[in-house]
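Asks: Mind looking over this structure? Questions follow.
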Amino acid sequence: MTQAITNLNQANTSILKALKCKECGAEYELKATHVCEECFGPLEVKYDYNVLKSLVSRETIEAGPNSIWRYRHFLPVATDNYIDVGTGMTPLVRSHRLARRLGLNKLYIKNDAVNMPTLSFKDRVVSVALSRARELGFTTVSCASTGNLANSTAAIAAYAGLDCCVFIPSDLEAGKVIGSLIYSPTLMSVKGNYDQVNRLCSEVANTHGWGFVNINLRPYYSEGSKTLAFEVAEQLGWQLPDHIVAPLASGSLFTKIYKGFQEFVEVGLVEGKDVRFSGAQAEGCSPIAAAFKEGRDFIQPVKPNTIAKSIAIGNPADGVYAVEIANKTNGNIESVNDAEIIEGIKLLAETEGIFTETAGGTTVAVLKKLVEAGKIDPDETTVVYITGNGLKTQEAIQGYIGEPLTIDAKLDSFERALERSRTLDRLEWQEVTV
């Protein structure tokens, strides 16, 4: 391990400077650590933006690979030996039917439900984390996960030839369990919620010296979320949006989208402007929304109780920073109940043909809630982030989307069923109209 770090430091470019504490500013070597020894604040990667500015342009980025690695110089890897499984460059969909339904004129959907290889935004952060883990000499990688992260870590570790052991709460949806097991990791199903799983993983990381993507590798891992900002800016024609709405779990995604926009402004790739940041949580696990509404600068942990398991983190590590960003950008943080989450999933599917999981349903439901409260200007360029695929959380909508019409293989049976279907549609339409 020591020799690997020595070789890495010799090969390192001058872009990566240090790990820096977000609280006290103390700096550390670029190794596998995530907590400040002085004040216990979180560490994040510090870059030399003057060097970065001299290396990147719109043209160099556009000439890069069709993946997150077109932004390689903004990511915390020291060599060109990164792991590229085609992650990123997901569609930015101009919404028409959902926009009309909500009364918005410039609504876009960033659709990471089709991200590769495991259909969630977690493929971005894991690609970066495992690339860095390999540079640091780790041969076994791991994570604490609510499902999507376990899928990504198992898949990308398999591609990279790394040993993998992932930890999940025991009550996860079947799609997410199968979506990890298929890659043959060691899968630990822990009797407890995510926060309990995370505490166990911290002990395992200290005992076994593994590379945990969201623990000792967290400063590198979290930087992968910036690519969601970079892609949106590039896909909007090298412009920033006016307003973004994104799900909140740990709060890291939210803060890194903000950082990504700031970095593009810093190096001159886009013109600076005020972007409003709004976050979405499920009422059954909404510690960040509660802190925002109550004007607190601290997070009070909660015990999760919601169908939105992928964002059910009761003690979010970056919650206070998410609140800070929402406040300083004149944004909002809202929560919705499970019934509204299901309606959000259905609304996105029936208007835009995008099947999202419960986190996406939460985000769409909060978008709707903010519009109805007059907190989104209809003429703002608004981007809503959809971070995972609905095939992973089918249990959440079973019983809420109807059943197929079973018919005999005869024309008259079809005609009777068709008339019944049209009658039901009319009744539903009349009920909504009334």
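Residues are named by chain letter and number: chains run A, B, ... in the order of the structure tokens, numbers start at 1 in each chain, and ligands are numbered from 1 in the order shown.
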For Ala246 of chain A, find every residue with an atom within 12 Å (counting only C-alpha atoms), except residues of its own chain fewer than 2 positions away, and show them as JSON, numbers by chain.
Replies: {"A": [109, 110, 111, 112, 121, 225, 228, 229, 243, 244, 248, 249, 251, 252, 253, 254, 255, 256, 257, 258, 276, 277, 278, 279, 280, 281, 311, 322, 326, 331, 332, 333, 334, 335, 359, 360, 361, 362, 363, 364, 365, 366, 367, 382, 383, 384, 385, 386, 387, 388]}
Asks: I need the residues in segment 191-417 of chain A that are strand (DSSP E) according to DSSP; give them as a compact mmCIF listing (two decimals) with N, CA and C atoms, in the first residue's frame.
Replies:
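Result went into selection19.txt, see below:
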# COMPACT_ATOMS: atom_id res chain seq x y z
N GLY A 211 -11.43 -0.71 1.06
CA GLY A 211 -11.82 0.59 0.52
C GLY A 211 -13.33 0.72 0.47
N PHE A 212 -13.91 1.40 1.44
CA PHE A 212 -15.36 1.63 1.47
C PHE A 212 -15.66 2.92 0.71
N HIS A 243 -33.11 26.84 -11.97
CA HIS A 243 -33.62 26.17 -10.77
C HIS A 243 -33.41 24.67 -10.95
N ILE A 244 -32.96 23.99 -9.91
CA ILE A 244 -32.88 22.53 -9.95
C ILE A 244 -33.65 21.96 -8.77
N VAL A 245 -34.24 20.77 -9.00
CA VAL A 245 -34.92 20.03 -7.93
C VAL A 245 -34.31 18.64 -7.91
N ALA A 246 -33.79 18.23 -6.75
CA ALA A 246 -33.07 16.96 -6.64
C ALA A 246 -33.44 16.26 -5.33
N PRO A 247 -33.34 14.93 -5.30
CA PRO A 247 -33.62 14.20 -4.06
C PRO A 247 -32.52 14.40 -3.04
N ARG A 276 -31.17 28.46 -8.33
CA ARG A 276 -31.91 28.09 -7.12
C ARG A 276 -31.87 26.58 -6.93
N PHE A 277 -31.65 26.14 -5.68
CA PHE A 277 -31.54 24.72 -5.37
C PHE A 277 -32.68 24.31 -4.43
N SER A 278 -33.50 23.37 -4.89
CA SER A 278 -34.58 22.83 -4.07
C SER A 278 -34.42 21.33 -3.92
N GLY A 279 -34.69 20.84 -2.71
CA GLY A 279 -34.48 19.44 -2.40
C GLY A 279 -35.76 18.73 -2.04
N ALA A 280 -35.75 17.39 -2.22
CA ALA A 280 -36.94 16.57 -2.00
C ALA A 280 -36.65 15.44 -1.03
N GLN A 281 -37.54 15.29 -0.04
CA GLN A 281 -37.45 14.18 0.90
C GLN A 281 -38.81 13.54 1.10
N ALA A 282 -38.78 12.30 1.57
CA ALA A 282 -40.01 11.60 1.96
C ALA A 282 -40.34 11.95 3.40
N ILE A 333 -36.67 23.20 0.54
CA ILE A 333 -36.58 21.77 0.79
C ILE A 333 -37.95 21.33 1.30
N GLU A 334 -38.58 20.42 0.56
CA GLU A 334 -39.93 19.97 0.89
C GLU A 334 -39.96 18.47 1.06
N SER A 335 -41.03 17.99 1.70
CA SER A 335 -41.23 16.55 1.85
C SER A 335 -42.64 16.19 1.39
N VAL A 336 -42.80 14.93 1.01
CA VAL A 336 -44.10 14.42 0.57
C VAL A 336 -44.33 13.05 1.18
N THR A 381 -35.93 28.13 -16.24
CA THR A 381 -35.40 26.88 -16.78
C THR A 381 -35.13 25.97 -15.59
N THR A 382 -36.02 25.00 -15.41
CA THR A 382 -35.97 24.12 -14.24
C THR A 382 -35.54 22.72 -14.65
N VAL A 383 -34.59 22.16 -13.92
CA VAL A 383 -34.12 20.80 -14.17
C VAL A 383 -34.47 19.94 -12.96
N VAL A 384 -35.18 18.85 -13.21
CA VAL A 384 -35.50 17.90 -12.14
C VAL A 384 -34.64 16.65 -12.36
N TYR A 385 -33.98 16.21 -11.30
CA TYR A 385 -33.05 15.08 -11.38
C TYR A 385 -33.75 13.78 -10.99
N ILE A 386 -33.79 12.85 -11.95
CA ILE A 386 -34.34 11.51 -11.72
C ILE A 386 -33.15 10.55 -11.60
Asks: Go through A:His96, A:Gly319, A:Asn216, A:Ala205 one by one, measure the shortest atom-to-atom distance of each to Thr351 of chain A using only C-alpha atoms, and give the residue with the smallest value.
Replies: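 Going through A:His96, A:Gly319, A:Asn216, A:Ala205 one by one, the smallest distance to Thr351 of chain A is for A:His96.
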Asks: I need the residue nearest Asn206 of chain A from this list: A:Ala32, A:Leu240, A:Leu130, A:Val232. Use only C-alpha atoms for the distance.
Replies: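 Looking only at the distances to Asn206 of chain A, the closest residue turns out to be A:Ala32.
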Asks: Excluding same-chain residues fewer than 2 positions from Tyr194 of chain A, what lies within 10 Å of it counting only C-alpha atoms, as a PyMOL selection string?
Replies: chain A and resi 144-147+167-170+190-192+196-200+303-304+309-315
Asks: Determine the nearest neighbour of Ala308 of chain A from the options A:Glu27, A:Glu263, A:Asp338, A:Asp84, counting only C-alpha atoms.
Replies: A:Asp338
Asks: Find the nearest atom pair between each residue of segment 362-420 of chain A and segment 178-188 of chain A for residues within 12 Å, count only C-alpha atoms, give distances in Å to one decimal, sort rows by chain and ascending number, and present the table as a Markdown table.
Replies:
| residue | atom | partner | partner_atom | distance |
| --- | --- | --- | --- | --- |
| A:Asn389 | CA | A:Gly179 | CA | 11.7 |
| A:Leu391 | CA | A:Gly179 | CA | 10.3 |
| A:Lys392 | CA | A:Gly179 | CA | 8.0 |
| A:Thr393 | CA | A:Gly179 | CA | 11.2 |
Asks: Quick check for you: according to DSSP on this backbone, which residues of segment 48-190 of chain A are classed as alpha helix (DSSP H)? Reply as a VMD selection string.
Replies: chain A and resid 49 to 55 58 to 62 97 to 102 122 to 135 148 to 160 174 to 181
Asks: Determine, counting only C-alpha atoms, which protein, DNA and RNA residues have an atom within 8 Å of an atom of Leu269 of chain A; residues of the same chain fewer than 3 positions away are not included. Present the result as a list in words.
Replies: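 The residues that qualify are Ser57, Arg58, Trp238, Phe264, Val265 and Glu266 of chain A.
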Asks: For Tyr82 of chain A, find every residue with an atom within 10 Å (counting only C-alpha atoms), except residues of its own chain fewer than 5 positions away, and show them as a list in words.
Replies: Trp69, Arg72, Val77, Ser127, Val128, Ala129, Leu130, Ser131, Arg132, Arg134, Glu135 and Ala160 of chain A
Asks: Taking into account only C-alpha atoms, which residue in the set A:Thr33, A:Arg416, A:Asn327, A:Phe230 is nearest to Arg296 of chain A?
Replies: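 Distance minimum relative to Arg296 of chain A lands on A:Asn327.
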Asks: Rank A:Lys46, A:Lys328, A:Lys122, A:Lys293 by their smallest atom-to-atom distance to Leu75 of chain A, using only C-alpha atoms, and report the top residue only.
Replies: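 Using only C-alpha atoms, the shortest distance to Leu75 of chain A belongs to A:Lys46.
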Asks: Report the distance between atom CA of Lys176 of chain A and atom CA of Leu149 of chain A in Å, rounded to one decimal place.
Replies: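 Separating atom CA of Lys176 of chain A from atom CA of Leu149 of chain A is a distance of 9.5 Å.
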Asks: Have a look at atom CA of Ser67 of chain A and atom CA of Arg124 of chain A and let me know their distance in Å, one decimal.
Replies: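 The value is 9.4 Å.
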Asks: Would you kindly return, as a PyMOL selection string, each protein, DNA or RNA residue with an atom no farther than 6 Å from any atom of Gly41 of chain A, considering only C-alpha atoms and excluding same-chain residues fewer than 3 positions away?
Replies: chain A and resi 21+23+35-36
